[in-house]
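> The structure under discussion is supplied below as structure tokens; questions concerning it will follow.
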Amino acid sequence: MHAEGYAAGELKHGPIALLEPNVPVIAIATRSATLPKMVSNVQEVHSRDAPVIALVTEGEDPFDAGFATPVPVPGCSEVLSPLINVVPLQLFAYHVAVQRGCDVDQPRNLAKSVTVE
């Protein structure tokens, strides 16, 4: 499974060409100063029929049309939001790896310096 992380502002500089119905996009659309721009980008992703999973602030759904599958996270200050947002993202990565049959306790290609005492 291919995965890349991009800042929302970089979407139009290449990654948008990769979008299609079998390429899910995970968007971090929690309360922030740049939320309106993120919503606009997610609408473009949706217009290309790519499924969207969006982290949203609990009790808020910036996507009026309901085209994104929301994953609510507790509201907090914008400075602390990365600490809150990373938890569901890590859990998602873990569960996808387990479902694919990957050994999450023995990752491949881990540097020898990390594994040797």
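Labeling convention for the structure tokens: chains A, B, ... as they appear, residues from 1 per chain, ligands from 1 in order of appearance.
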Excluding region 35-47 of chain A and its own-chain neighbours fewer than 6 positions away, which residues fall within 12 Å of it when counting only C-alpha atoms? Please give them as number ranges by chain.

A: 6-12, 15-21, 23-29, 53-57, 60-69, 78

> Assign secondary structure with DSSP using the backbone only, and return the residues of region 18-88 of chain A in alpha helix (DSSP H) as a ChimeraX atom specification.

/A:35-47,81-88

> Take the selection from the previous step and output its residues with C-alpha atoms, as a PDB file, in the first residue's frame.


```
ATOM      1  CA  LEU A  35      -9.497  25.028   8.086  1.00  0.00           C
ATOM      2  CA  PRO A  36     -11.391  26.814   5.255  1.00  0.00           C
ATOM      3  CA  LYS A  37      -8.511  26.061   2.865  1.00  0.00           C
ATOM      4  CA  MET A  38      -8.465  22.434   3.964  1.00  0.00           C
ATOM      5  CA  VAL A  39     -12.215  22.145   3.366  1.00  0.00           C
ATOM      6  CA  SER A  40     -11.725  23.543  -0.134  1.00  0.00           C
ATOM      7  CA  ASN A  41      -8.990  21.007  -0.859  1.00  0.00           C
ATOM      8  CA  VAL A  42     -11.095  18.128   0.452  1.00  0.00           C
ATOM      9  CA  GLN A  43     -13.931  19.243  -1.845  1.00  0.00           C
ATOM     10  CA  GLU A  44     -11.515  18.969  -4.782  1.00  0.00           C
ATOM     11  CA  VAL A  45     -10.507  15.492  -3.630  1.00  0.00           C
ATOM     12  CA  HIS A  46     -14.180  14.522  -3.421  1.00  0.00           C
ATOM     13  CA  SER A  47     -14.853  15.874  -6.918  1.00  0.00           C
ATOM     14  CA  SER A  81      -3.638  19.513  18.109  1.00  0.00           C
ATOM     15  CA  PRO A  82      -0.770  17.454  16.611  1.00  0.00           C
ATOM     16  CA  LEU A  83      -0.535  15.525  19.892  1.00  0.00           C
ATOM     17  CA  ILE A  84      -4.262  14.767  19.795  1.00  0.00           C
ATOM     18  CA  ASN A  85      -4.470  14.089  16.038  1.00  0.00           C
ATOM     19  CA  VAL A  86      -1.626  11.609  15.914  1.00  0.00           C
ATOM     20  CA  VAL A  87      -3.422   9.078  18.137  1.00  0.00           C
ATOM     21  CA  PRO A  88      -6.207   8.076  15.711  1.00  0.00           C
TER      22      PRO A  88
END
```

> Please compute the CA of Asn22 (chain A)-CA of Thr34 (chain A) distance, one decimal, in Å.

27.1 Å

> Tell me which of A:Arg48, A:Gln90, A:Val98, A:Glu58 sits closest to Gly75 (chain A), counting only C-alpha atoms.

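Closest candidate: A:Glu58.
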
> Could you write out, as a count of residues only, all the residues of chain A that DSSP marks as strand (DSSP E)?

17

> Find, counting only C-alpha atoms, the residue in A:Val71, A:Gly14, A:Cys76, A:Leu110 that gets nearest to Leu91 (chain A).

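Closest to Leu91 (chain A), using only C-alpha atoms: A:Val71.
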
> Have a look at CA of Arg100 (chain A) and CA of Ala3 (chain A) and let me know their distance in Å, one decimal.

14.1 Å
